[in-house]
Amino acid sequence: MKKYNSLFRGIFAIAALGLAAIPAGAADDESGKNEVEAKDEVAAKVLDKVMVIGNPANIDEMPGSAYSVTTEDIREQNYDDINQVLRKVPGVYVRQEDGFGLFSNISLRGVDTTRSAKVTVMEDGVLTAPAPYSAPAAYYTPTMGRMSGLEILKGSSQVKYGPQTTGGVINYLSTPIPLQQTAYLKASYGSFGDQRTHGYFGNTLSTGAGQVGFLVEGYFRKNQGYKTIDVTDDFRDGDNTGFTKADPMVKFSWEPDTAMYQRLEFKYGTSELDANETYLGLSEADFAADPYRRYSASRFDNIKTKERRSYLRYALAPSDDLDVIATLYQNTFSRNWYKLKDLRDGGWVDDDGNPTSLSLSSALAGAEGGTGLDCLRGDRACTLRVRANNRDYETQGIDVVSYYRFGTGAAEHEISAGIRFNQDQIIRFQWDDNYSQLATNGAIDGMTPGTPGRAGDRLQKTDALAVYLQDTIKVGAWGFTPGIRVEQLDQTYIENYAGVKAPSVTKTNTMNLWAASFGVTYKFNDSWIGFGSVNRGFSPPSPKSATGGINEETSLAYELGARYTNANQALAVETVAFYTDFSDMIAIDNVGGTGTGTSTNFGKVRSYGLEFSSQYDAGIANGWTVKNPWYLTASYTNATQQNAAYDKDPESIFSFGKAGNQVPYIPELVLSLGTGVDSGRWGSYISGSYVSETFATANNVNNQENGDGDPDSRFGKTDAYFVADVSAFYRIREGVKLFGGVQNVADASYLVSRQPEGPRPGMPLFAYAGLEMDL
């Protein structure tokens, strides 16, 4: 970051000059009151710009599809899993993995779901992926249970955000600093020993130096897990398949008492996870018998992560027509997923007769006459190779955006311009430990430790400069929003970074990317708004892939939609048709953890469909004494490959694909429906979601067999499923309520994924109860 130091100093110099040079306002009581009101309006307007959508009412005039999830939406069913929250958002598809949302796999309108790598993920407007350019795979997912909201953006306005502009944007909203003294505490207990505690305290105080705000927050969750590991003579802790997670955070703000509105805000938070989670799934037969079983071979599997996030944000409004927001940020993330990689047995040889290892997905599908499966179950002597996937990530940068409003005759303009310097990197330093398993009872009689760095020793680093320009133009009932985004990436890849195996080899690459959009809105009347847009997007390859000759993924997307709102009838409806062509789609070959990690350009994919959402409150519409909200969302998607796959490596879920085949893990139909009753004193809610079956690989086969004809449990289909959740609450007094509920109330059992290594279930019935105080 040395080359950015002068820029950072300049930003803080501007802030210091502004604070020192602008005199405090002085007026009599009446004018002072008006000044306070005016400053509050300016503050609301500027803070609105920090978010992707801001006030949900802003959606009405956006030229693309957008969705805002509120605090009430999250707390209504006591959700802590991003997958559960996103069920009701049209055009969003999730592939569950662990049942708790620890590792998200999200797709927007047909992009690859893997680790949410094709979605720009932010928290409070700051990139939150561990290394958003060098390694965007989401091994860190912000804790949904501590959030105050969620913003999802698709369409033309996403040109303001990157580096993933082919899919869309998801922005997590953390708890804001309260304007008045607020104390919040929520505690619950549930199935599988689930314990959750969320609390915060904050206030904004008037001082001689201006408004000073603070927030102190903590979130903790512990769960024993819903799976059970097979016991052996030397292992009896089979029920411990859960996790603990802790998220403390502090925020401070200062709005000085100056004539010009200014605000400084500092945020620092951490997130630590310790989870006994595994990549290993089950064989088809064992899944049918007990989907919540885990083989004894996975008993060593554990992931520990530690994330640190911070920013210092300075916002100012030099005039009624100009806002400037500068954010200096840094995130660090470390993780070590210690997990079973593959199996070894002296009887397994390759085509040349040389001893070889057996992949987990092959073993689950019955390779080597079922002897690999025997090894996983603890019924055969073999060697379990367990890899320490040890990696450190760092992201830091500065983001400056401005908004300028002016009029030219009949047209009103708001020009938004931004520049961001981002530097991120990932260091991989891995090793393998070999455990010797006995044949009689699955016990371990010895372990040979590996040498750190021998199983992966490399660095990937990206210095990125991004610039965007967007103009929102209003002419009568029409709105036009042209925009462009340009990024330059300086990428570095170093193999044998620490020189453990061999001398270091450094490769570099420079990549220039661009995205553009044009959106249109037309306001027919106070209730009806039509909108449409065309967008060109990009998704950059990692430094390792780019230096290996992989091109950026690009997309050309179109959408056309309409919104209807009727406040008196408490009704809102939106419907959207979309069509996207992807070119040079990037596919990675190590989704199951056993590939080389080498990316390929798959080729062309076409995705089109319809999205529908509606909200209606019969209680408000009919003047009842109780609220009776309803919602219905639906997504139909046809995402198909337009060419045969170039990749013949079975480690890639896009290998052996054919033109006309469906894209893996993109369901054709997703439906979500819910309703509730809220009397103020008591209330109850019910919601249900349906997801159609999907193919797990691009060759679209029904059986567990890859394109080479070899057994592989990652190939096949996932189940169609319907899940319903119910909840209820009772207010003991103002600000204090009891709540409880059941998720997956019918205890449906279903196969949600075949990645990373074989069939995996969704979470079974989960019941909970708790107490919430908001004072």
# chains A, B, ... in the order shown; residues from 1 in each chain; ligands from 1
>>> closest_atom_pairs(of="region 75-143 of chain A", to="region 294-316 of chain A", cutoff="9 Å", atoms="only C-alpha atoms", output="JSON lines")
{"residue": "A:Val126", "atom": "CA", "partner": "A:Tyr311", "partner_atom": "CA", "distance": 8.3}
{"residue": "A:Thr128", "atom": "CA", "partner": "A:Arg309", "partner_atom": "CA", "distance": 8.2}
{"residue": "A:Pro130", "atom": "CA", "partner": "A:Glu307", "partner_atom": "CA", "distance": 8.5}
{"residue": "A:Tyr139", "atom": "CA", "partner": "A:Thr305", "partner_atom": "CA", "distance": 8.8}
{"residue": "A:Tyr140", "atom": "CA", "partner": "A:Glu307", "partner_atom": "CA", "distance": 7.9}
>>> write_last_selection(atoms="C-alpha atoms", output="CSV table (one decimal), in the first residue's frame")
chain,number,residue,atom,x,y,z
A,126,VAL,CA,-17.1,-2.3,1.8
A,128,THR,CA,-16.1,-8.3,2.4
A,130,PRO,CA,-11.4,-12.5,1.9
A,139,TYR,CA,-14.9,-19.2,2.9
A,140,TYR,CA,-16.0,-16.2,5.1
>>> closest_atom_pairs(of="region 31-150 of chain A", to="region 513-535 of chain A", cutoff="7 Å", atoms="only C-alpha atoms", output="JSON lines")
{"residue": "A:Glu61", "atom": "CA", "partner": "A:Thr521", "partner_atom": "CA", "distance": 7.0}
{"residue": "A:Pro63", "atom": "CA", "partner": "A:Gly519", "partner_atom": "CA", "distance": 5.0}
{"residue": "A:Gly64", "atom": "CA", "partner": "A:Ser533", "partner_atom": "CA", "distance": 6.5}
>>> residues_around(residues="Tyr67 (chain A)", least_positions_apart="5", cutoff="12 Å", atoms="only C-alpha atoms", output="NGL selection string")
:A and (52-60 or 62 or 85-86 or 88-92 or 149-155 or 168-171 or 573-574 or 611-614 or 633)
>>> closest_residue(among="A:Asn628, A:Asn643, A:Thr70, A:Thr383", to="Gly683 (chain A)", atoms="only C-alpha atoms")
A:Asn628
>>> residues_around(residues="region 246-248 of chain A", least_positions_apart="6", cutoff="8 Å", atoms="only C-alpha atoms", output="ChimeraX atom specification")
/A:143,216-221,269-273
>>> select_by_dssp(residues="region 499-578 of chain A", states="helix (DSSP H, G or I)", output="PyMOL selection string")
chain A and resi 543-547
>>> write_last_selection(atoms="C-alpha atoms", output="PDB file, in the first residue's frame")
ATOM      1  CA  PRO A 543      -3.751 -14.023 -10.724  1.00  0.00           C
ATOM      2  CA  LYS A 544      -2.829 -17.721 -11.066  1.00  0.00           C
ATOM      3  CA  SER A 545      -5.431 -18.181 -13.788  1.00  0.00           C
ATOM      4  CA  ALA A 546      -4.716 -14.878 -15.527  1.00  0.00           C
ATOM      5  CA  THR A 547      -0.976 -15.557 -15.742  1.00  0.00           C
TER       6      THR A 547
END
>>> residues_around(residues="Ser687 (chain A)", least_positions_apart="4", cutoff="9 Å", atoms="only C-alpha atoms", output="PDB file with C-alpha atoms, in the first residue's frame")
ATOM      1  CA  GLN A  77     -38.223 -16.473  11.795  1.00  0.00           C
ATOM      2  CA  TYR A 631     -45.881 -12.271   0.254  1.00  0.00           C
ATOM      3  CA  SER A 672     -41.701 -18.707  -1.749  1.00  0.00           C
ATOM      4  CA  LEU A 673     -44.968 -17.868   0.031  1.00  0.00           C
ATOM      5  CA  GLY A 674     -45.702 -16.549   3.491  1.00  0.00           C
ATOM      6  CA  THR A 675     -48.271 -14.893   5.698  1.00  0.00           C
ATOM      7  CA  GLY A 676     -48.772 -13.870   9.287  1.00  0.00           C
ATOM      8  CA  VAL A 723     -39.511 -26.445   3.417  1.00  0.00           C
ATOM      9  CA  ALA A 724     -41.916 -24.622   5.741  1.00  0.00           C
ATOM     10  CA  ASP A 725     -41.095 -22.517   8.815  1.00  0.00           C
ATOM     11  CA  VAL A 726     -43.464 -21.281  11.542  1.00  0.00           C
TER      12      VAL A 726
END
>>> atom_distance(atom1="CA of Ala365 (chain A)", atom2="CA of Ala289 (chain A)")
15.6 Å
>>> residues_around(residues="Ala767 (chain A)", least_positions_apart="5", cutoff="8 Å", atoms="only C-alpha atoms", output="PyMOL selection string")
chain A and resi 190-191+740-743
>>> write_last_selection(atoms="C-alpha atoms", output="short mmCIF file (atom, residue, chain, number, x, y, z; two decimals), in the first residue's frame")
data_model
loop_
_atom_site.label_atom_id
_atom_site.label_comp_id
_atom_site.auth_asym_id
_atom_site.auth_seq_id
_atom_site.Cartn_x
_atom_site.Cartn_y
_atom_site.Cartn_z
CA GLY A 190 -32.93 -24.64 20.25
CA SER A 191 -32.41 -28.07 18.75
CA GLY A 740 -40.41 -19.45 19.43
CA GLY A 741 -40.70 -21.41 16.24
CA VAL A 742 -39.92 -24.42 14.14
CA GLN A 743 -37.88 -24.46 10.93
#
>>> select_by_dssp(residues="region 467-676 of chain A", states="strand (DSSP E or B)", output="PyMOL selection string")
chain A and resi 467-475+478-495+505-523+528-539+553-566+571-583+586-588+599-601+605-617+627+629-641+662+669-676
>>> closest_residue(among="A:Asn276, A:Ser359, A:Ser253, A:Thr141", to="Val212 (chain A)", atoms="only C-alpha atoms")
A:Ser253
>>> residues_around(residues="Asp712 (chain A)", least_positions_apart="6", cutoff="12 Å", atoms="only C-alpha atoms", output="PyMOL selection string")
chain A and resi 281-284+358-368+592+650-653+696-697+701-706+754-759
>>> atom_distance(atom1="CA of Phe100 (chain A)", atom2="CA of Tyr292 (chain A)")
13.9 Å
>>> closest_residue(among="A:Leu185, A:Ala439, A:Ala464, A:Val475", to="Thr408 (chain A)", atoms="only C-alpha atoms")
A:Val475
>>> closest_residue(among="A:Ser65, A:Ser753, A:Thr232, A:Ser116", to="Phe695 (chain A)", atoms="only C-alpha atoms")
A:Ser753
>>> closest_residue(among="A:Gly162, A:Pro503, A:Gly110, A:Pro178", to="Thr637 (chain A)", atoms="only C-alpha atoms")
A:Gly110
